[in-house]
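The file data-v8.txt comes next; it holds compact mmCIF, C-alpha atoms.
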# COMPACT_ATOMS: atom_id res chain seq x y z
CA MET I 1 0.00 0.00 0.00
CA LYS I 2 1.16 3.55 -0.74
CA ILE I 3 1.74 5.86 2.21
CA TRP I 4 -1.01 8.11 0.81
CA GLN I 5 -3.46 5.35 -0.13
CA LYS I 6 -6.85 4.83 1.57
CA ASN I 7 -9.03 1.77 0.88
CA VAL I 8 -9.30 2.03 -2.88
CA ASN I 9 -6.99 0.13 -5.22
CA VAL I 10 -5.51 2.38 -7.89
CA ASN I 11 -5.90 1.32 -11.52
CA LYS I 12 -2.70 -0.47 -12.60
CA ASP I 13 -2.21 1.64 -15.73
CA ILE I 14 -2.66 4.81 -13.71
CA GLU I 15 -0.13 3.59 -11.15
CA THR I 16 2.45 2.70 -13.80
CA PHE I 17 2.02 6.06 -15.51
CA THR I 18 2.20 8.15 -12.34
CA VAL I 19 5.12 6.30 -10.77
CA GLY I 20 7.11 6.63 -14.00
CA LYS I 21 10.85 6.40 -13.40
CA ASP I 22 10.62 7.32 -9.73
CA ARG I 23 11.84 3.97 -8.38
CA GLU I 24 14.94 4.05 -10.58
CA LEU I 25 15.80 7.68 -9.91
CA ASP I 26 14.88 7.61 -6.21
CA LEU I 27 17.64 5.07 -5.55
CA GLN I 28 20.09 7.95 -5.97
CA MET I 29 18.34 9.77 -3.10
CA ALA I 30 17.92 6.79 -0.77
CA ALA I 31 20.76 7.62 1.61
CA PHE I 32 19.57 11.21 1.85
CA ASP I 33 16.02 10.10 2.62
CA VAL I 34 17.37 8.21 5.63
CA LEU I 35 19.39 11.23 6.75
CA GLY I 36 16.30 13.43 6.57
CA SER I 37 14.37 10.91 8.64
CA LEU I 38 17.15 10.69 11.25
CA ALA I 39 16.97 14.45 11.78
CA HIS I 40 13.18 14.46 11.77
CA VAL I 41 12.75 11.71 14.38
CA GLU I 42 15.28 13.30 16.71
CA MET I 43 13.23 16.48 16.51
CA LEU I 44 9.96 14.53 17.05
CA GLU I 45 11.34 13.06 20.26
CA SER I 46 12.33 16.52 21.48
CA ILE I 47 8.71 17.74 21.19
CA GLY I 48 7.18 14.62 22.71
CA LEU I 49 5.89 12.85 19.60
CA LEU I 50 8.27 9.91 20.09
CA GLU I 51 9.30 8.18 23.31
CA SER I 52 13.04 7.97 23.96
CA ALA I 53 12.94 4.18 23.60
CA GLU I 54 11.10 4.52 20.30
CA LEU I 55 13.64 7.06 19.09
CA ALA I 56 16.51 4.71 19.92
CA ALA I 57 14.87 1.86 18.02
CA VAL I 58 14.08 4.05 15.01
CA GLN I 59 17.57 5.54 14.90
CA LYS I 60 19.25 2.15 15.12
CA GLU I 61 17.19 0.71 12.28
CA LEU I 62 17.49 3.80 10.11
CA LYS I 63 21.26 3.55 10.44
CA ASN I 64 21.06 -0.13 9.47
CA ILE I 65 19.08 0.84 6.36
CA TYR I 66 21.66 3.54 5.61
CA ALA I 67 24.42 0.92 5.80
CA GLU I 68 22.46 -1.33 3.43
CA ILE I 69 22.15 1.56 0.97
CA GLU I 70 25.87 2.28 1.16
CA ALA I 71 26.61 -1.41 0.58
CA GLY I 72 24.32 -1.52 -2.47
CA ASP I 73 21.87 -3.91 -0.82
CA PHE I 74 18.88 -1.57 -0.86
CA VAL I 75 16.12 -1.89 -3.47
CA ILE I 76 12.78 -0.20 -4.05
CA GLU I 77 10.38 -3.05 -4.61
CA ASP I 78 7.87 -3.08 -7.44
CA THR I 79 5.01 -3.04 -4.95
CA VAL I 80 6.35 0.16 -3.40
CA GLU I 81 5.94 3.55 -5.02
CA ASP I 82 9.08 5.44 -4.06
CA VAL I 83 12.08 5.62 -1.74
CA HIS I 84 10.12 7.28 1.06
CA SER I 85 7.57 4.48 1.10
CA GLN I 86 10.29 1.81 0.95
CA VAL I 87 12.22 3.18 3.92
CA GLU I 88 9.10 3.62 6.03
CA TRP I 89 7.84 0.14 5.11
CA LEU I 90 11.18 -1.48 6.03
CA LEU I 91 11.25 0.41 9.29
CA THR I 92 7.72 -0.64 10.23
CA GLN I 93 8.37 -4.27 9.30
CA ARG I 94 11.47 -4.38 11.48
CA ILE I 95 10.50 -2.39 14.58
CA GLY I 96 6.71 -2.21 14.50
CA ASP I 97 4.48 0.73 15.43
CA ALA I 98 7.33 3.14 16.15
CA GLY I 99 8.09 3.07 12.43
CA LYS I 100 4.57 4.30 11.71
CA LYS I 101 5.14 7.42 13.78
CA ILE I 102 8.01 8.92 11.80
CA HIS I 103 5.74 10.60 9.28
CA SER I 104 4.17 12.82 11.95
CA GLY I 105 4.62 16.48 11.12
CA ARG I 106 5.78 16.02 7.55
CA SER I 107 4.37 15.29 4.12
CA ARG I 108 5.86 13.36 1.25
CA ASN I 109 6.19 16.80 -0.32
CA ASP I 110 8.69 18.21 2.19
CA GLN I 111 10.29 14.78 2.53
CA VAL I 112 11.23 14.77 -1.16
CA LEU I 113 12.24 18.43 -0.90
CA VAL I 114 14.77 17.74 1.83
CA ASP I 115 15.99 14.61 0.02
CA LEU I 116 16.58 16.67 -3.11
CA LYS I 117 18.36 19.46 -1.25
CA LEU I 118 20.68 16.97 0.47
CA PHE I 119 21.26 15.14 -2.82
CA PHE I 120 21.98 18.37 -4.68
CA ARG I 121 24.45 19.43 -1.99
CA SER I 122 26.35 16.19 -2.52
CA CYS I 123 26.21 16.55 -6.31
CA ILE I 124 27.48 20.12 -6.13
CA GLU I 125 30.40 19.02 -3.99
CA GLU I 126 31.32 16.38 -6.58
CA MET I 127 31.00 18.82 -9.48
CA VAL I 128 33.05 21.45 -7.64
CA GLY I 129 35.71 18.86 -6.85
CA ASN I 130 35.96 17.74 -10.48
CA THR I 131 36.03 21.35 -11.66
CA SER I 132 38.81 22.16 -9.19
CA VAL I 133 40.94 19.28 -10.52
CA LEU I 134 40.41 20.45 -14.11
CA PHE I 135 41.22 24.01 -13.07
CA GLU I 136 44.56 22.96 -11.58
CA GLN I 137 45.37 20.98 -14.73
CA LEU I 138 44.68 24.02 -16.90
CA ILE I 139 46.79 26.32 -14.72
CA SER I 140 49.64 23.82 -14.80
CA LEU I 141 49.50 23.56 -18.59
CA SER I 142 49.30 27.34 -18.87
CA ASN I 143 52.48 27.73 -16.83
CA ILE I 144 54.32 24.93 -18.63
CA HIS I 145 53.48 26.21 -22.13
CA LYS I 146 53.43 29.95 -21.41
CA ASP I 147 56.15 30.74 -23.95
CA LYS I 148 54.66 28.74 -26.83
CA LEU I 149 52.85 31.06 -29.24
CA LEU I 150 49.85 30.21 -31.39
CA PRO I 151 47.58 32.25 -33.64
CA GLY I 152 44.74 34.19 -32.10
CA TYR I 153 41.59 34.44 -34.19
CA THR I 154 38.68 36.81 -34.60
CA HIS I 155 35.90 35.83 -37.02
CA LEU I 156 37.99 32.64 -37.45
CA GLN I 157 40.49 34.84 -39.32
CA ILE I 158 44.13 35.18 -38.26
CA ALA I 159 44.18 38.14 -35.88
CA MET I 160 47.01 38.56 -33.34
CA PRO I 161 49.57 36.42 -31.53
CA SER I 162 48.27 34.39 -28.64
CA SER I 163 49.92 31.72 -26.54
CA PHE I 164 49.13 28.39 -25.00
CA GLY I 165 49.64 30.10 -21.68
CA LEU I 166 46.76 32.42 -22.53
CA TRP I 167 44.62 29.65 -24.06
CA PHE I 168 44.81 27.24 -21.14
CA GLY I 169 44.61 30.10 -18.64
CA ALA I 170 41.50 31.53 -20.28
CA TYR I 171 39.54 28.35 -19.63
CA ALA I 172 40.89 28.20 -16.10
CA GLU I 173 39.56 31.69 -15.36
CA SER I 174 36.27 30.81 -17.07
CA LEU I 175 35.85 28.02 -14.51
CA VAL I 176 36.29 30.59 -11.72
CA ASP I 177 33.20 32.46 -12.91
CA ASP I 178 31.38 29.16 -13.36
CA MET I 179 32.08 28.38 -9.70
CA GLU I 180 30.59 31.74 -8.71
CA LEU I 181 27.32 30.56 -10.23
CA MET I 182 27.70 27.14 -8.62
CA LEU I 183 28.21 28.88 -5.27
CA ALA I 184 24.89 30.66 -5.76
CA ALA I 185 23.24 27.29 -6.47
CA TRP I 186 24.89 25.86 -3.34
CA LYS I 187 23.46 28.66 -1.22
CA VAL I 188 19.97 28.00 -2.56
CA CYS I 189 20.28 24.25 -2.04
CA ASN I 190 21.68 24.70 1.45
CA LYS I 191 18.37 25.88 2.96
CA ASN I 192 16.15 23.50 4.91
CA PRO I 193 12.56 22.92 3.69
CA LEU I 194 11.79 20.18 6.22
CA GLY I 195 8.73 20.97 8.32
CA SER I 196 6.90 22.79 5.55
CA ALA I 197 4.85 19.58 5.12
CA ALA I 198 2.52 19.79 2.12
CA GLY I 199 3.44 23.45 1.75
CA TYR I 200 1.29 24.89 4.51
CA GLY I 201 3.08 23.86 7.68
CA SER I 202 1.82 21.71 10.54
CA SER I 203 -0.22 22.06 13.72
CA PHE I 204 2.49 20.08 15.51
CA PRO I 205 5.00 22.31 17.39
CA LEU I 206 7.87 21.38 15.07
CA ASN I 207 11.37 22.66 15.80
CA ARG I 208 12.57 23.44 12.30
CA THR I 209 15.70 25.20 13.53
CA MET I 210 16.74 21.95 15.16
CA THR I 211 16.48 19.90 11.95
CA THR I 212 18.32 22.67 10.11
CA GLU I 213 21.26 22.30 12.46
CA LEU I 214 21.12 18.51 12.51
CA LEU I 215 21.35 18.31 8.72
CA GLY I 216 24.06 20.97 8.44
CA PHE I 217 21.94 23.40 6.46
CA GLU I 218 23.05 27.01 6.55
CA ARG I 219 19.53 28.29 7.23
CA LEU I 220 15.83 27.60 6.78
CA ASN I 221 13.43 28.07 3.95
CA TYR I 222 11.28 29.98 6.42
CA ASN I 223 7.99 30.53 4.63
CA VAL I 224 6.32 27.12 4.22
CA VAL I 225 4.55 28.11 1.01
CA TYR I 226 7.81 29.29 -0.52
CA ALA I 227 9.58 26.11 0.60
CA GLN I 228 7.25 24.21 -1.70
CA MET I 229 7.45 26.87 -4.42
CA GLY I 230 11.21 26.42 -4.34
CA ARG I 231 10.77 23.02 -5.97
CA GLY I 232 11.61 23.59 -9.60
CA LYS I 233 13.23 26.93 -8.92
CA THR I 234 16.05 25.18 -7.06
CA GLU I 235 16.52 22.74 -9.94
CA ARG I 236 16.55 25.56 -12.47
CA ILE I 237 19.19 27.52 -10.55
CA LEU I 238 21.34 24.41 -10.26
CA GLY I 239 20.78 23.77 -13.96
CA GLN I 240 21.95 27.29 -14.76
CA ALA I 241 25.18 26.76 -12.82
CA MET I 242 25.73 23.43 -14.56
CA SER I 243 25.00 25.08 -17.90
CA SER I 244 27.75 27.62 -17.25
CA VAL I 245 30.33 24.90 -16.60
CA ALA I 246 29.08 23.02 -19.65
CA ALA I 247 29.47 26.12 -21.83
CA THR I 248 33.13 26.38 -20.83
CA LEU I 249 33.75 22.72 -21.62
CA ALA I 250 31.87 22.87 -24.93
CA LYS I 251 33.87 25.87 -26.15
CA MET I 252 37.14 24.24 -25.13
CA ALA I 253 36.12 21.03 -26.86
CA MET I 254 35.41 22.97 -30.06
CA ASP I 255 38.85 24.61 -29.88
CA VAL I 256 40.46 21.20 -29.43
CA CYS I 257 38.60 19.79 -32.43
CA LEU I 258 39.92 22.69 -34.53
CA PHE I 259 43.45 22.67 -33.17
CA ILE I 260 43.92 18.91 -33.66
CA ASN I 261 42.80 19.22 -37.31
CA GLN I 262 45.68 18.80 -39.78
CA ASN I 263 45.06 22.29 -41.22
CA PHE I 264 45.89 23.68 -37.78
CA GLY I 265 48.08 20.98 -36.25
CA PHE I 266 48.66 22.83 -32.98
CA ILE I 267 48.08 19.92 -30.60
CA SER I 268 47.92 16.13 -30.60
CA PHE I 269 46.99 13.20 -28.38
CA PRO I 270 48.31 9.65 -28.17
CA ASP I 271 46.84 7.31 -30.76
CA GLU I 272 45.10 5.24 -28.10
CA LEU I 273 43.05 8.28 -27.05
CA THR I 274 41.71 8.92 -30.55
CA THR I 275 39.55 6.81 -32.86
CA GLY I 276 39.92 5.73 -36.47
CA SER I 277 37.86 5.39 -39.62
CA SER I 278 36.42 2.18 -41.07
CA ILE I 279 37.79 3.04 -44.54
CA MET I 280 40.42 5.79 -44.07
CA PRO I 281 43.54 4.36 -42.40
CA HIS I 282 45.06 7.77 -41.68
CA LYS I 283 42.24 9.06 -39.46
CA LYS I 284 42.78 10.01 -35.80
CA ASN I 285 39.47 11.47 -34.69
CA PRO I 286 38.84 13.54 -31.53
CA ASP I 287 35.67 11.62 -30.67
CA VAL I 288 36.04 12.28 -26.95
CA PHE I 289 35.93 16.03 -27.43
CA GLU I 290 33.14 15.81 -29.99
CA LEU I 291 31.05 13.93 -27.44
CA ILE I 292 31.99 16.38 -24.69
CA ARG I 293 30.90 19.20 -26.98
CA SER I 294 27.55 17.59 -27.71
CA ARG I 295 26.88 16.44 -24.15
CA CYS I 296 27.66 19.89 -22.80
CA ASN I 297 25.53 21.60 -25.43
CA LYS I 298 22.71 19.34 -24.27
CA ILE I 299 23.34 20.39 -20.66
CA GLN I 300 23.17 24.04 -21.74
CA ALA I 301 19.54 23.38 -22.69
CA LEU I 302 18.76 22.10 -19.18
CA PRO I 303 17.68 25.41 -17.55
CA ASN I 304 15.24 26.05 -20.38
CA GLU I 305 13.86 22.50 -20.18
CA ILE I 306 13.23 22.96 -16.46
CA ALA I 307 11.74 26.42 -16.99
CA MET I 308 9.29 25.05 -19.56
CA MET I 309 8.20 22.28 -17.17
CA ILE I 310 7.42 24.69 -14.31
CA THR I 311 6.19 27.72 -16.25
CA ASN I 312 2.73 28.92 -15.16
CA LEU I 313 2.40 26.42 -12.31
CA PRO I 314 0.45 28.05 -9.46
CA SER I 315 1.76 27.88 -5.90
CA GLY I 316 1.53 24.55 -4.12
CA TYR I 317 2.67 21.08 -5.15
CA HIS I 318 1.92 19.62 -8.59
CA ARG I 319 2.88 16.22 -9.97
CA ASP I 320 4.63 17.93 -12.90
CA LEU I 321 7.55 18.51 -10.54
CA GLN I 322 8.27 14.79 -10.31
CA LEU I 323 9.53 14.80 -13.90
CA LEU I 324 12.32 17.28 -13.16
CA LYS I 325 14.44 14.39 -11.86
CA GLU I 326 14.37 12.76 -15.28
CA ASN I 327 16.08 15.78 -16.82
CA LEU I 328 18.38 16.85 -14.01
CA PHE I 329 19.76 13.62 -12.55
CA PRO I 330 21.28 12.25 -15.80
CA ALA I 331 22.67 15.71 -16.60
CA ILE I 332 24.55 15.78 -13.29
CA THR I 333 26.13 12.41 -14.09
CA SER I 334 26.98 13.53 -17.61
CA LEU I 335 28.63 16.78 -16.50
CA ASN I 336 30.81 14.98 -13.98
CA GLU I 337 31.89 12.50 -16.64
CA CYS I 338 32.74 15.36 -19.03
CA LEU I 339 34.79 17.13 -16.37
CA GLU I 340 36.70 13.96 -15.54
CA MET I 341 37.32 13.05 -19.18
CA THR I 342 38.46 16.55 -20.10
CA THR I 343 41.02 16.46 -17.30
CA PHE I 344 42.21 13.01 -18.38
CA MET I 345 42.64 14.06 -22.00
CA LEU I 346 44.52 17.23 -21.07
CA GLN I 347 46.89 15.17 -18.96
CA ASN I 348 47.96 13.56 -22.23
CA ILE I 349 48.03 16.56 -24.58
CA THR I 350 51.07 17.40 -26.68
CA VAL I 351 51.58 21.02 -27.66
CA LYS I 352 53.46 21.95 -30.84
CA ASP I 353 56.26 24.50 -30.62
CA GLY I 354 57.32 27.03 -33.24
CA ILE I 355 53.86 27.32 -34.81
CA LEU I 356 54.23 31.00 -35.74
CA ASN I 357 57.43 30.39 -37.73
CA ASP I 358 55.18 29.51 -40.65
CA LYS I 359 55.02 32.49 -43.04
CA LYS I 360 51.24 32.26 -43.34
CA TYR I 361 51.07 33.71 -39.82
CA ALA I 362 53.16 36.78 -40.65
CA TYR I 363 50.19 39.16 -40.56
CA LEU I 364 49.56 38.20 -36.94
CA PHE I 365 52.31 40.65 -36.08
CA SER I 366 50.85 43.64 -37.96
CA VAL I 367 49.52 45.18 -34.74
CA GLU I 368 52.95 44.71 -33.14
CA VAL I 369 54.51 46.73 -35.98
CA VAL I 370 51.82 49.43 -35.68
CA ASN I 371 52.45 49.67 -31.95
CA ASP I 372 56.23 49.87 -32.47
CA LEU I 373 55.71 52.85 -34.79
CA ALA I 374 53.36 54.49 -32.30
CA LEU I 375 55.95 54.07 -29.55
CA LYS I 376 58.39 55.91 -31.79
CA GLY I 377 56.05 58.91 -31.87
CA ILE I 378 54.00 58.31 -34.99
CA PRO I 379 50.26 58.86 -34.29
CA PHE I 380 48.49 55.50 -34.04
CA ARG I 381 46.09 56.14 -36.92
CA GLU I 382 48.98 57.18 -39.15
CA ALA I 383 51.00 54.11 -38.15
CA TYR I 384 47.96 51.94 -38.86
CA LYS I 385 47.70 53.43 -42.36
CA VAL I 386 51.40 52.93 -43.10
CA VAL I 387 51.34 49.26 -42.07
CA GLY I 388 48.09 48.68 -43.97
CA GLU I 389 49.62 50.06 -47.15
CA SER I 390 52.72 47.87 -46.74
CA ILE I 391 50.46 44.81 -46.45
CA ASP I 392 48.55 45.83 -49.57
CA ASN I 393 51.67 46.39 -51.66
CA GLY I 394 53.47 43.28 -50.39
CA THR I 395 56.32 45.04 -48.57
CA PHE I 396 55.18 44.23 -45.00
CA GLU I 397 58.00 42.92 -42.80
CA PRO I 398 56.76 41.42 -39.52
CA GLY I 399 58.60 41.82 -36.29
CA ILE I 400 58.10 38.39 -34.76
CA ALA I 401 58.78 39.36 -31.16
CA VAL I 402 55.93 40.16 -28.80
CA HIS I 403 56.25 42.61 -25.93
CA HIS I 404 53.04 42.22 -23.95
CA THR I 405 53.55 43.04 -20.30
CA HIS I 406 50.20 44.27 -18.96
CA GLU I 407 48.10 42.17 -16.61
CA GLY I 408 46.61 39.10 -18.27
CA SER I 409 48.66 39.32 -21.46
CA ILE I 410 51.13 36.93 -23.07
CA GLY I 411 54.01 38.14 -20.93
CA ASN I 412 52.05 38.52 -17.69
CA LEU I 413 49.49 35.73 -17.39
CA CYS I 414 48.50 36.51 -13.78
CA ASN I 415 47.89 32.81 -13.13
CA ALA I 416 48.65 33.28 -9.45
CA GLU I 417 45.89 35.87 -9.25
CA ILE I 418 43.49 33.56 -11.08
CA GLU I 419 44.34 30.78 -8.63
CA GLY I 420 43.68 33.19 -5.79
CA MET I 421 40.21 33.96 -7.16
CA MET I 422 39.39 30.26 -7.40
CA THR I 423 40.62 29.63 -3.86
CA GLU I 424 38.42 32.44 -2.59
CA VAL I 425 35.33 31.04 -4.30
CA LEU I 426 35.95 27.45 -3.22
CA SER I 427 36.47 28.47 0.40
CA GLN I 428 32.89 29.76 0.57
CA PHE I 429 31.28 26.36 -0.01
CA LYS I 430 32.14 25.15 3.51
CA PHE I 431 31.62 21.49 2.68
CA GLN I 432 33.21 20.45 5.96
CA LYS I 433 30.34 21.93 7.94
CA THR I 434 27.85 19.66 6.22
CA HIS I 435 30.16 16.65 6.60
CA THR I 436 30.49 17.25 10.32
CA ALA I 437 26.73 17.50 10.79
CA ILE I 438 26.01 14.32 8.83
CA GLN I 439 28.75 12.36 10.61
CA LYS I 440 27.26 13.40 13.94
CA LEU I 441 23.79 12.39 12.78
CA LEU I 442 25.05 8.94 11.80
CA ALA I 443 27.21 8.40 14.90

Just give me the structure of the file as structure tokens.
Amino acid sequence: MKIWQKNVNVNKDIETFTVGKDRELDLQMAAFDVLGSLAHVEMLESIGLLESAELAAVQKELKNIYAEIEAGDFVIEDTVEDVHSQVEWLLTQRIGDAGKKIHSGRSRNDQVLVDLKLFFRSCIEEMVGNTSVLFEQLISLSNIHKDKLLPGYTHLQIAMPSSFGLWFGAYAESLVDDMELMLAAWKVCNKNPLGSAAGYGSSFPLNRTMTTELLGFERLNYNVVYAQMGRGKTERILGQAMSSVAATLAKMAMDVCLFINQNFGFISFPDELTTGSSIMPHKKNPDVFELIRSRCNKIQALPNEIAMMITNLPSGYHRDLQLLKENLFPAITSLNECLEMTTFMLQNITVKDGILNDKKYAYLFSVEVVNDLALKGIPFREAYKVVGESIDNGTFEPGIAVHHTHEGSIGNLCNAEIEGMMTEVLSQFKFQKTHTAIQKLLA
């Protein structure tokens, strides 16, 4: 029987349609459902809705279920609707009536809300960790290859000299801004909705501040109506942060696909990290980066997908919200895989030296020549005209040295400053606070 069911059997087709993929996706939230219940029952005992002996029995068995989940021995049975029902059913089967009391003061609505918030916190920590590793790899490559020049492009036309130091470093700094958005998503996810029940609170004297502290949340979602309204909004904000990271990876992947092309030939990877053709024996294809590009472009659509699913929903809970998991959960897995694979590939990249010695890149240095003339006192617009005429009449002689010294340029990458910005952002997540709270809850 469902935890919401009365004495009427639901039509099988209706049940199959409404349950959807919940059993499969809810397995990812199982451990967090137990954590939410551990905090809730401790609070129930503090306000007299559970006896101390009942609390001890419930806590012991919840921790046993948690251990089963961690060991991979937990399943959501076909006769059970979702993870919340499965945990409560197991608890009741094992300890009796005390298990039936744990739902006092909460609804399945705020139960899934707190599960999602706890799950999202964990997912954000994993994504931040993978991003941090990629960031360090990019900074390292930027420092190692800082003196190797490559063409810079505008409109995909040869423009000005760039460097691998700039190229790798640019994506590193892009990840810093991505983490600013992820930090905003973390702050939204790190608010406790538990106790909002079906979205209108409870007549029980719940201590919501207590469960907030027990679960390591930074603060409450105070207004119970807004706590429920936050479903969907939270997912969209997280999706926007993920989309930002994905945009960085997709752009980098596109650069790699260009730079590995024989007409560019700026970088290469070991043969075992590329794929071949069924008929062309010379092919070494960048399939990994093509898939990263496509996966991340798909993730960039995620905020809009979520927005379309929640647009024009009135306040209160609606079953539409259940489907958000089907879009968001796989995207989280995909983004982590893309982050990990990008780092792995970059650990094996080879960068070509002496690229700009090729005469076809001579015009890259036209701005350098203009600037040299301007430094000698010729007005910039006049110097620009002189160099332009020399290009037109074929007498242009490039000066192949670059003298960029300002902050963030070829000769002054400011990687230490970029690392400092990332350190500052990462320090604000305070993952250890949540770890400490959860460890105490499970002790």

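When atom CA of Glu407 of chain I is paired with atom CA of Trp167 of chain I, their separation reads 15.0 Å.
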
Atom pair atom CA of Asp97 of chain I + atom CA of Ser37 of chain I, distance 15.7 Å

At a cut-off of 12 Å, using only C-alpha atoms, what residues contact Leu313 of chain I? Leave out same-chain residues fewer than 5 positions from it and give the result as a PyMOL selection string. chain I and resi 228-233+307-308+318-321

Within 6 Å of Leu194 of chain I, counting all atoms listed in the file, which residues qualify if same-chain residues fewer than 2 places away don't, as number ranges by chain? I: 110, 114, 192, 196

Check which residues of segment 165-284 of chain I sit at most 9 Å from segment 322-344 of chain I using all atoms listed in the file, and return one row each with the closest pair of atoms and their distance in Å to one decimal, ordered by chain and rising number, as CSV.
residue,atom,partner,partner_atom,distance
I:Gly232,CA,I:Leu324,CA,7.3
I:Glu235,CA,I:Leu328,CA,7.4
I:Leu238,CA,I:Leu328,CA,8.9
I:Gly239,CA,I:Leu328,CA,7.3
I:Met242,CA,I:Leu335,CA,7.5
I:Val245,CA,I:Leu335,CA,8.3
I:Ala246,CA,I:Leu335,CA,7.0
I:Leu249,CA,I:Leu339,CA,7.7
I:Ala253,CA,I:Thr342,CA,8.4

Please provide as a PDB file with C-alpha atoms, keeping the file's coordinate frame all residues within 10 Å of segment 58-74 of chain I, with the sequence filter that same-chain residues fewer than 2 positions apart are discarded (counting all atoms listed in the file).
ATOM      1  CA  LEU I  27      17.640   5.070  -5.550  1.00  0.00           C
ATOM      2  CA  GLN I  28      20.090   7.950  -5.970  1.00  0.00           C
ATOM      3  CA  MET I  29      18.340   9.770  -3.100  1.00  0.00           C
ATOM      4  CA  ALA I  30      17.920   6.790  -0.770  1.00  0.00           C
ATOM      5  CA  ALA I  31      20.760   7.620   1.610  1.00  0.00           C
ATOM      6  CA  PHE I  32      19.570  11.210   1.850  1.00  0.00           C
ATOM      7  CA  ASP I  33      16.020  10.100   2.620  1.00  0.00           C
ATOM      8  CA  VAL I  34      17.370   8.210   5.630  1.00  0.00           C
ATOM      9  CA  LEU I  35      19.390  11.230   6.750  1.00  0.00           C
ATOM     10  CA  SER I  37      14.370  10.910   8.640  1.00  0.00           C
ATOM     11  CA  LEU I  38      17.150  10.690  11.250  1.00  0.00           C
ATOM     12  CA  ALA I  39      16.970  14.450  11.780  1.00  0.00           C
ATOM     13  CA  VAL I  41      12.750  11.710  14.380  1.00  0.00           C
ATOM     14  CA  GLU I  42      15.280  13.300  16.710  1.00  0.00           C
ATOM     15  CA  LEU I  50       8.270   9.910  20.090  1.00  0.00           C
ATOM     16  CA  SER I  52      13.040   7.970  23.960  1.00  0.00           C
ATOM     17  CA  ALA I  53      12.940   4.180  23.600  1.00  0.00           C
ATOM     18  CA  GLU I  54      11.100   4.520  20.300  1.00  0.00           C
ATOM     19  CA  LEU I  55      13.640   7.060  19.090  1.00  0.00           C
ATOM     20  CA  ALA I  56      16.510   4.710  19.920  1.00  0.00           C
ATOM     21  CA  ILE I  76      12.780  -0.200  -4.050  1.00  0.00           C
ATOM     22  CA  GLU I  77      10.380  -3.050  -4.610  1.00  0.00           C
ATOM     23  CA  VAL I  83      12.080   5.620  -1.740  1.00  0.00           C
ATOM     24  CA  GLN I  86      10.290   1.810   0.950  1.00  0.00           C
ATOM     25  CA  VAL I  87      12.220   3.180   3.920  1.00  0.00           C
ATOM     26  CA  GLU I  88       9.100   3.620   6.030  1.00  0.00           C
ATOM     27  CA  LEU I  90      11.180  -1.480   6.030  1.00  0.00           C
ATOM     28  CA  LEU I  91      11.250   0.410   9.290  1.00  0.00           C
ATOM     29  CA  THR I  92       7.720  -0.640  10.230  1.00  0.00           C
ATOM     30  CA  ARG I  94      11.470  -4.380  11.480  1.00  0.00           C
ATOM     31  CA  ILE I  95      10.500  -2.390  14.580  1.00  0.00           C
ATOM     32  CA  GLY I  96       6.710  -2.210  14.500  1.00  0.00           C
ATOM     33  CA  ALA I  98       7.330   3.140  16.150  1.00  0.00           C
ATOM     34  CA  GLY I  99       8.090   3.070  12.430  1.00  0.00           C
ATOM     35  CA  LYS I 101       5.140   7.420  13.780  1.00  0.00           C
ATOM     36  CA  ILE I 102       8.010   8.920  11.800  1.00  0.00           C
ATOM     37  CA  LEU I 441      23.790  12.390  12.780  1.00  0.00           C
ATOM     38  CA  LEU I 442      25.050   8.940  11.800  1.00  0.00           C
ATOM     39  CA  ALA I 443      27.210   8.400  14.900  1.00  0.00           C
TER      40      ALA I 443
END

- Mind giving me the straight-line distance from atom CA of Ser162 of chain I to atom CA of Ile349 of chain I in Å, one decimal?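 Between these atoms lies a distance of 18.3 Å.
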
Could you list as a VMD selection string every residue that has an atom within 9 Å of (55.4, 21.9, -28.5), using the file's coordinates and counting all atoms listed in the file? chain I and resid 145 148 266 to 267 350 to 355

List the spatial neighbours of segment 431-435 of chain I as a list in words - criterion: any atom at most 10 Å away, all atoms listed in the file, same-chain residues fewer than 6 positions off excluded. Leu118, Arg121, Ser122, Ile124, Glu125, Asn190, Glu213, Leu214, Leu215, Gly216, Phe217, Glu218 and Leu441 of chain I

Write out as JSON an axis-aligned box for segment 186-200 of chain I: all of its atoms listed in the file, 4 Å added on each side, centre and edge lengths in Å with one decimal.
{"center_x": 13.1, "center_y": 24.1, "center_z": 2.5, "size_x": 31.6, "size_y": 17.1, "size_z": 19.7}

Can I get the residues of segment 106-208 of chain I within 10 Å of segment 409-414 of chain I, each with the closest pair of atoms and their distance in Å to one decimal, using only C-alpha atoms, sorted chain first then ascending number, as a tab-separated table?
residue	atom	partner	partner_atom	distance
I:Ser142	CA	I:Leu413	CA	8.5
I:Asn143	CA	I:Leu413	CA	8.6
I:Lys146	CA	I:Ile410	CA	7.5
I:Asp147	CA	I:Ile410	CA	8.0
I:Lys148	CA	I:Ile410	CA	9.7
I:Leu149	CA	I:Ile410	CA	8.7
I:Pro161	CA	I:Ile410	CA	8.6
I:Ser162	CA	I:Ile410	CA	6.8
I:Ser163	CA	I:Ile410	CA	6.4
I:Phe164	CA	I:Ile410	CA	9.0
I:Gly165	CA	I:Leu413	CA	7.1
I:Leu166	CA	I:Ile410	CA	6.3
I:Trp167	CA	I:Ile410	CA	9.8
I:Gly169	CA	I:Leu413	CA	7.6
I:Ala170	CA	I:Leu413	CA	9.5

Enumerate, in order of chain and increasing residue number, the residues of segment 215-326 of chain I with an atom no farther than 9 Å from segment 203-210 of chain I, each with its shortest atom pair and distance in Å to one decimal, counting only C-alpha atoms, as a Markdown table.
| residue | atom | partner | partner_atom | distance |
| --- | --- | --- | --- | --- |
| I:Leu215 | CA | I:Met210 | CA | 8.7 |
| I:Arg219 | CA | I:Thr209 | CA | 8.0 |
| I:Leu220 | CA | I:Thr209 | CA | 7.2 |
| I:Tyr222 | CA | I:Arg208 | CA | 8.9 |
